[in-house]
Amino acid sequence: MPTPLRHPIAVLCAALLGALLLPVTAAHAESRTVQGGRLDWGVKSSFQSYVTGPVAQGGYSLTGGAATVGGSQFRFPSATGTYDGATGAFAASFAGGVHFVGHRKSDGSYQLDLTLSRPTVRISGATGTLYLDVTGKAKDTGKVTTSAQVPFASLALGGIDMRGGGTAVVLNNVPATLTAQGATSFAGYYAAGTPLDPVSLAADVKAAARPTPTPTPTASEPAGKKAPSKGGAIVDGAVDWGVRRTFREYVTGDIARGKWTLSDGARDGGALFRFPAGEGTYRDGELTASFDGAVGFTGDHGLDLRLSGVRVTVADGRGTLYADVGGDDFAGKKVPLVTFAAADFTARDGLASLAEAPAKLTAEGARAFGGRYPKGTAMDPVSLAVALTDDATLPALPDLGSAAGPTPSATPAPARETAAEPAVADSADDGTPVLPLTLAAAGLLLAGAGVAVAVHRRRTRPTADED
């Protein structure tokens, strides 16, 4: 039988402590949605140098919206996951991948062939792990294996307090170390415990979702019925193209020291540019459409290239992307820049689309780029989507999030009452830290309760002859 609480002070303290801990329990139960953001990571800079150097004579390609950023980092976009501000638990996956190849053999295959994709960061308490989908070829046997969400690297959080209630999770330069599983999936190039490049990320955290009522279909708009295509005219469309990764790196690098500028509705997706508002016709896998938007590249050494008025045609399983090219040589003439494979451009559920179709530079395109690349050069792939019905949805643009620049590097928090600025925004919507203040108040309550009970016991303690 449980012992009753005899002392009124103890009863009061228990009641107040329970009341203070209620917000913690409620907050713990409300994991919030992570939607939008990016992860920046170079894998291992020396590995990149080895792959692209004179020994391996290889390179890398990017997929799924991944981009390069800075000197040697890859940027993976579109964070999705959850974050619990009360406990600091964080889990978010990012889109995109990087494919390394090297040591080309006589049959055209590569001895080094490694793809790392869909990075996921999970943090619980003081423990952080980076997971990856890995497809690799063993260095010794050549056996290809594919593994999903390998715990690839352990992350040293350095005393960072992940708790809080802000609108973003931002970490910068978190040290990463190869795990035993990561070493195995890394085709044996490095041993477990090898330091990898540090990881940085920024992810948006949404407010707690509020349920919205489902609209009742009307008689004139039955549920599930799609609006018909109007005589082959497309309702909307978008073409995504990054031009060429190495060209973008040249523009912003130490040689050209330039930039690119988007206008007329073009949007930046990190590794690509979106030209929206497609207009035209589609019929039986064939398309003629024009798109809004322009991109201009400027820099040293006479770099000045503007592409606008994008038009795309698809016929007989082959696509061509045209653009008005600025400059004296073309004077705004529409130029066929690249051709791309479009064998399966069939409409499904009101949407005809192609994802990352390989593209090659045309002879006219080679002239447009000032002879930097010869005809037939592989350019960035083309993604194309056109909506044929009002309710068809175009693929989302890679979401880099809205979080500001990264916070200072991960370092142990000072041992003092007011810690340094945490790597996560730690305040609720009203600017008041939620969990730290609750626990502090609970600690003060318990300390006060201890004093009160001690005083009460001292006053009522029996004497030696009152046994």
# chains A, B, ... in the order shown; residues from 1 in each chain; ligands from 1
>>> residues_around(residues="stretch 47-51 of chain A", least_positions_apart="3", cutoff="12 Å", atoms="only C-alpha atoms", output="ChimeraX atom specification")
/A:41-44,54-61,71-74,98-104,110-114,186,189-190,194-197
>>> write_last_selection(atoms="N, CA, C and O atoms", output="short mmCIF file (atom, residue, chain, number, x, y, z; two decimals), in the first residue's frame")
data_model
loop_
_atom_site.label_atom_id
_atom_site.label_comp_id
_atom_site.auth_asym_id
_atom_site.auth_seq_id
_atom_site.Cartn_x
_atom_site.Cartn_y
_atom_site.Cartn_z
N TRP A 41 28.47 19.26 -47.39
CA TRP A 41 29.46 18.27 -46.95
C TRP A 41 30.35 17.90 -48.13
O TRP A 41 29.85 17.65 -49.23
N GLY A 42 31.64 17.83 -47.90
CA GLY A 42 32.58 17.49 -48.97
C GLY A 42 33.01 16.04 -48.98
O GLY A 42 33.93 15.68 -49.73
N VAL A 43 32.37 15.19 -48.16
CA VAL A 43 32.74 13.77 -47.97
C VAL A 43 34.13 13.72 -47.35
O VAL A 43 34.28 13.56 -46.16
N LYS A 44 35.16 13.82 -48.19
CA LYS A 44 36.55 13.90 -47.70
C LYS A 44 37.35 14.58 -48.79
O LYS A 44 37.46 14.07 -49.91
N PRO A 54 45.81 12.79 -60.98
CA PRO A 54 46.48 12.06 -62.06
C PRO A 54 46.51 10.55 -61.86
O PRO A 54 46.78 9.82 -62.82
N VAL A 55 46.25 10.06 -60.66
CA VAL A 55 46.27 8.61 -60.44
C VAL A 55 44.94 7.98 -60.86
O VAL A 55 44.90 7.11 -61.73
N ALA A 56 43.85 8.43 -60.27
CA ALA A 56 42.55 7.84 -60.60
C ALA A 56 42.01 8.39 -61.92
O ALA A 56 41.25 7.69 -62.62
N GLN A 57 42.36 9.63 -62.26
CA GLN A 57 41.92 10.26 -63.51
C GLN A 57 40.41 10.12 -63.71
O GLN A 57 39.93 9.75 -64.77
N GLY A 58 39.69 10.41 -62.65
CA GLY A 58 38.24 10.27 -62.70
C GLY A 58 37.53 11.58 -62.48
O GLY A 58 38.04 12.66 -62.80
N GLY A 59 36.34 11.49 -61.93
CA GLY A 59 35.55 12.68 -61.68
C GLY A 59 34.31 12.33 -60.90
O GLY A 59 34.18 11.22 -60.37
N TYR A 60 33.38 13.26 -60.84
CA TYR A 60 32.13 13.00 -60.15
C TYR A 60 31.00 13.71 -60.87
O TYR A 60 31.21 14.67 -61.61
N SER A 61 29.80 13.21 -60.67
CA SER A 61 28.60 13.85 -61.21
C SER A 61 27.57 13.93 -60.10
O SER A 61 27.63 13.17 -59.12
N GLY A 71 34.60 25.77 -52.27
CA GLY A 71 35.68 25.13 -53.01
C GLY A 71 35.55 23.65 -53.19
O GLY A 71 35.93 23.10 -54.23
N SER A 72 35.01 22.94 -52.20
CA SER A 72 35.02 21.48 -52.29
C SER A 72 33.87 20.83 -51.54
O SER A 72 34.00 19.71 -51.05
N GLN A 73 32.72 21.49 -51.46
CA GLN A 73 31.59 20.92 -50.76
C GLN A 73 30.45 20.63 -51.72
O GLN A 73 30.28 21.28 -52.75
N PHE A 74 29.65 19.63 -51.36
CA PHE A 74 28.43 19.31 -52.08
C PHE A 74 27.25 19.79 -51.25
O PHE A 74 27.25 19.65 -50.02
N VAL A 98 25.96 12.14 -55.05
CA VAL A 98 27.19 12.37 -55.80
C VAL A 98 27.76 11.02 -56.21
O VAL A 98 27.81 10.09 -55.40
N HIS A 99 28.15 10.93 -57.47
CA HIS A 99 28.65 9.67 -58.05
C HIS A 99 30.12 9.86 -58.43
O HIS A 99 30.45 10.66 -59.31
N PHE A 100 31.02 9.15 -57.73
CA PHE A 100 32.45 9.22 -58.00
C PHE A 100 32.86 8.05 -58.90
O PHE A 100 32.45 6.91 -58.68
N VAL A 101 33.71 8.33 -59.88
CA VAL A 101 34.30 7.27 -60.70
C VAL A 101 35.77 7.57 -60.90
O VAL A 101 36.21 8.73 -60.89
N GLY A 102 36.56 6.49 -61.09
CA GLY A 102 37.99 6.65 -61.33
C GLY A 102 38.61 5.34 -61.76
O GLY A 102 37.98 4.28 -61.66
N HIS A 103 39.83 5.39 -62.24
CA HIS A 103 40.55 4.21 -62.72
C HIS A 103 39.75 3.50 -63.82
O HIS A 103 39.30 2.37 -63.66
N ARG A 104 39.60 4.19 -64.93
CA ARG A 104 38.83 3.62 -66.04
C ARG A 104 39.56 2.43 -66.63
O ARG A 104 40.77 2.45 -66.86
N TYR A 110 34.65 1.39 -64.57
CA TYR A 110 35.60 2.00 -63.64
C TYR A 110 35.85 1.08 -62.46
O TYR A 110 34.93 0.45 -61.93
N GLN A 111 37.12 1.02 -62.07
CA GLN A 111 37.45 0.24 -60.87
C GLN A 111 36.89 0.93 -59.63
O GLN A 111 36.39 0.27 -58.72
N LEU A 112 36.98 2.25 -59.60
CA LEU A 112 36.41 3.03 -58.51
C LEU A 112 35.04 3.53 -58.98
O LEU A 112 34.95 4.28 -59.97
N ASP A 113 34.01 3.11 -58.30
CA ASP A 113 32.65 3.50 -58.69
C ASP A 113 31.81 3.55 -57.41
O ASP A 113 31.43 2.53 -56.86
N LEU A 114 31.53 4.76 -56.93
CA LEU A 114 30.89 4.94 -55.64
C LEU A 114 29.84 6.04 -55.71
O LEU A 114 30.12 7.14 -56.18
N PHE A 186 32.43 2.15 -47.85
CA PHE A 186 33.32 3.05 -48.58
C PHE A 186 34.32 2.27 -49.42
O PHE A 186 35.36 2.79 -49.82
N TYR A 189 38.41 2.03 -48.77
CA TYR A 189 39.43 3.03 -49.03
C TYR A 189 39.97 3.66 -47.74
O TYR A 189 41.08 4.15 -47.71
N TYR A 190 39.14 3.66 -46.68
CA TYR A 190 39.56 4.25 -45.42
C TYR A 190 39.11 3.37 -44.27
O TYR A 190 38.08 2.67 -44.36
N THR A 194 38.52 7.21 -39.38
CA THR A 194 39.14 8.24 -40.22
C THR A 194 38.31 9.52 -40.19
O THR A 194 37.09 9.47 -40.38
N PRO A 195 38.94 10.66 -39.95
CA PRO A 195 38.18 11.92 -39.99
C PRO A 195 37.69 12.21 -41.41
O PRO A 195 38.44 12.06 -42.38
N LEU A 196 36.44 12.62 -41.52
CA LEU A 196 35.86 13.04 -42.78
C LEU A 196 35.69 14.56 -42.76
O LEU A 196 35.97 15.20 -41.75
N ASP A 197 35.24 15.12 -43.86
CA ASP A 197 34.97 16.55 -43.88
C ASP A 197 33.84 16.87 -42.90
O ASP A 197 32.92 16.06 -42.72
#
>>> select_by_dssp(residues="stretch 176-380 of chain A", states="helix (DSSP H, G or I)", output="ChimeraX atom specification")
/A:180-185,245-252,363-368
>>> write_last_selection(atoms="N, CA, C and O atoms", output="compact mmCIF listing (two decimals), in the first residue's frame")
# COMPACT_ATOMS: atom_id res chain seq x y z
N ALA A 180 32.52 2.07 -38.55
CA ALA A 180 32.90 0.76 -39.09
C ALA A 180 32.03 0.39 -40.28
O ALA A 180 32.53 -0.11 -41.31
N GLN A 181 30.71 0.63 -40.17
CA GLN A 181 29.82 0.35 -41.31
C GLN A 181 30.14 1.25 -42.49
O GLN A 181 30.09 0.82 -43.64
N GLY A 182 30.48 2.49 -42.20
CA GLY A 182 30.85 3.41 -43.27
C GLY A 182 32.12 2.98 -43.97
O GLY A 182 32.22 3.08 -45.20
N ALA A 183 33.09 2.50 -43.21
CA ALA A 183 34.35 2.03 -43.81
C ALA A 183 34.10 0.87 -44.76
O ALA A 183 34.68 0.80 -45.85
N THR A 184 33.21 -0.04 -44.36
CA THR A 184 32.89 -1.18 -45.22
C THR A 184 32.23 -0.72 -46.51
O THR A 184 32.58 -1.15 -47.61
N SER A 185 31.26 0.18 -46.39
CA SER A 185 30.53 0.65 -47.57
C SER A 185 31.36 1.61 -48.41
O SER A 185 31.03 1.85 -49.58
N ARG A 245 27.74 22.31 -64.62
CA ARG A 245 28.27 22.52 -63.28
C ARG A 245 29.63 23.19 -63.31
O ARG A 245 29.88 24.17 -62.59
N THR A 246 30.54 22.70 -64.13
CA THR A 246 31.89 23.27 -64.14
C THR A 246 31.89 24.70 -64.68
O THR A 246 32.75 25.50 -64.31
N PHE A 247 30.93 25.02 -65.54
CA PHE A 247 30.82 26.40 -66.01
C PHE A 247 30.40 27.32 -64.87
O PHE A 247 30.94 28.43 -64.71
N ARG A 248 29.42 26.88 -64.08
CA ARG A 248 29.01 27.69 -62.92
C ARG A 248 30.17 27.88 -61.95
O ARG A 248 30.37 28.96 -61.39
N GLU A 249 30.95 26.81 -61.75
CA GLU A 249 32.10 26.91 -60.85
C GLU A 249 33.16 27.85 -61.41
O GLU A 249 33.82 28.58 -60.67
N TYR A 250 33.33 27.84 -62.73
CA TYR A 250 34.27 28.77 -63.37
C TYR A 250 33.81 30.21 -63.18
O TYR A 250 34.61 31.10 -62.87
N VAL A 251 32.52 30.44 -63.37
CA VAL A 251 31.98 31.80 -63.27
C VAL A 251 32.24 32.39 -61.89
O VAL A 251 32.67 33.54 -61.76
N THR A 252 31.99 31.61 -60.85
CA THR A 252 32.12 32.13 -59.48
C THR A 252 33.50 31.88 -58.87
O THR A 252 33.74 32.25 -57.73
N ALA A 363 26.46 22.25 -82.03
CA ALA A 363 27.49 23.08 -82.65
C ALA A 363 27.21 24.56 -82.41
O ALA A 363 28.12 25.36 -82.10
N GLU A 364 25.92 24.95 -82.53
CA GLU A 364 25.55 26.35 -82.27
C GLU A 364 25.75 26.70 -80.81
O GLU A 364 26.16 27.82 -80.46
N GLY A 365 25.45 25.74 -79.92
CA GLY A 365 25.66 25.95 -78.51
C GLY A 365 27.13 26.15 -78.17
O GLY A 365 27.49 26.98 -77.32
N ALA A 366 28.00 25.41 -78.85
CA ALA A 366 29.44 25.57 -78.64
C ALA A 366 29.87 26.99 -78.99
O ALA A 366 30.69 27.61 -78.28
N ARG A 367 29.31 27.56 -80.05
CA ARG A 367 29.62 28.95 -80.42
C ARG A 367 29.09 29.92 -79.36
O ARG A 367 29.74 30.91 -79.03
N ALA A 368 27.89 29.62 -78.84
CA ALA A 368 27.30 30.50 -77.84
C ALA A 368 28.16 30.58 -76.58
O ALA A 368 28.20 31.62 -75.92
>>> atom_distance(atom1="atom CA of A:Glu286", atom2="atom CA of A:Thr377")
25.1 Å
>>> residues_around(residues="A:Ala126", least_positions_apart="4", cutoff="12 Å", atoms="only C-alpha atoms", output="list in words")
Thr87, Gly88, Ala89, Phe90, Arg122, Ser154, Leu155, Ala156, Leu157, Gly158, Gly159, Ile160, Asp161, Met162, Arg163 and Pro412 of chain A
>>> closest_residue(among="A:Leu388, A:Ala187, A:Val169, A:Val310", to="A:Asp140", atoms="only C-alpha atoms")
A:Ala187
>>> closest_residue(among="A:Leu287, A:Val338, A:Val314, A:Ile234", to="A:Gly350", atoms="only C-alpha atoms")
A:Ile234
>>> atom_distance(atom1="atom CA of A:Gly164", atom2="atom CA of A:Val199")
20.8 Å
>>> atom_distance(atom1="atom CA of A:Thr389", atom2="atom CA of A:Ala341")
24.5 Å
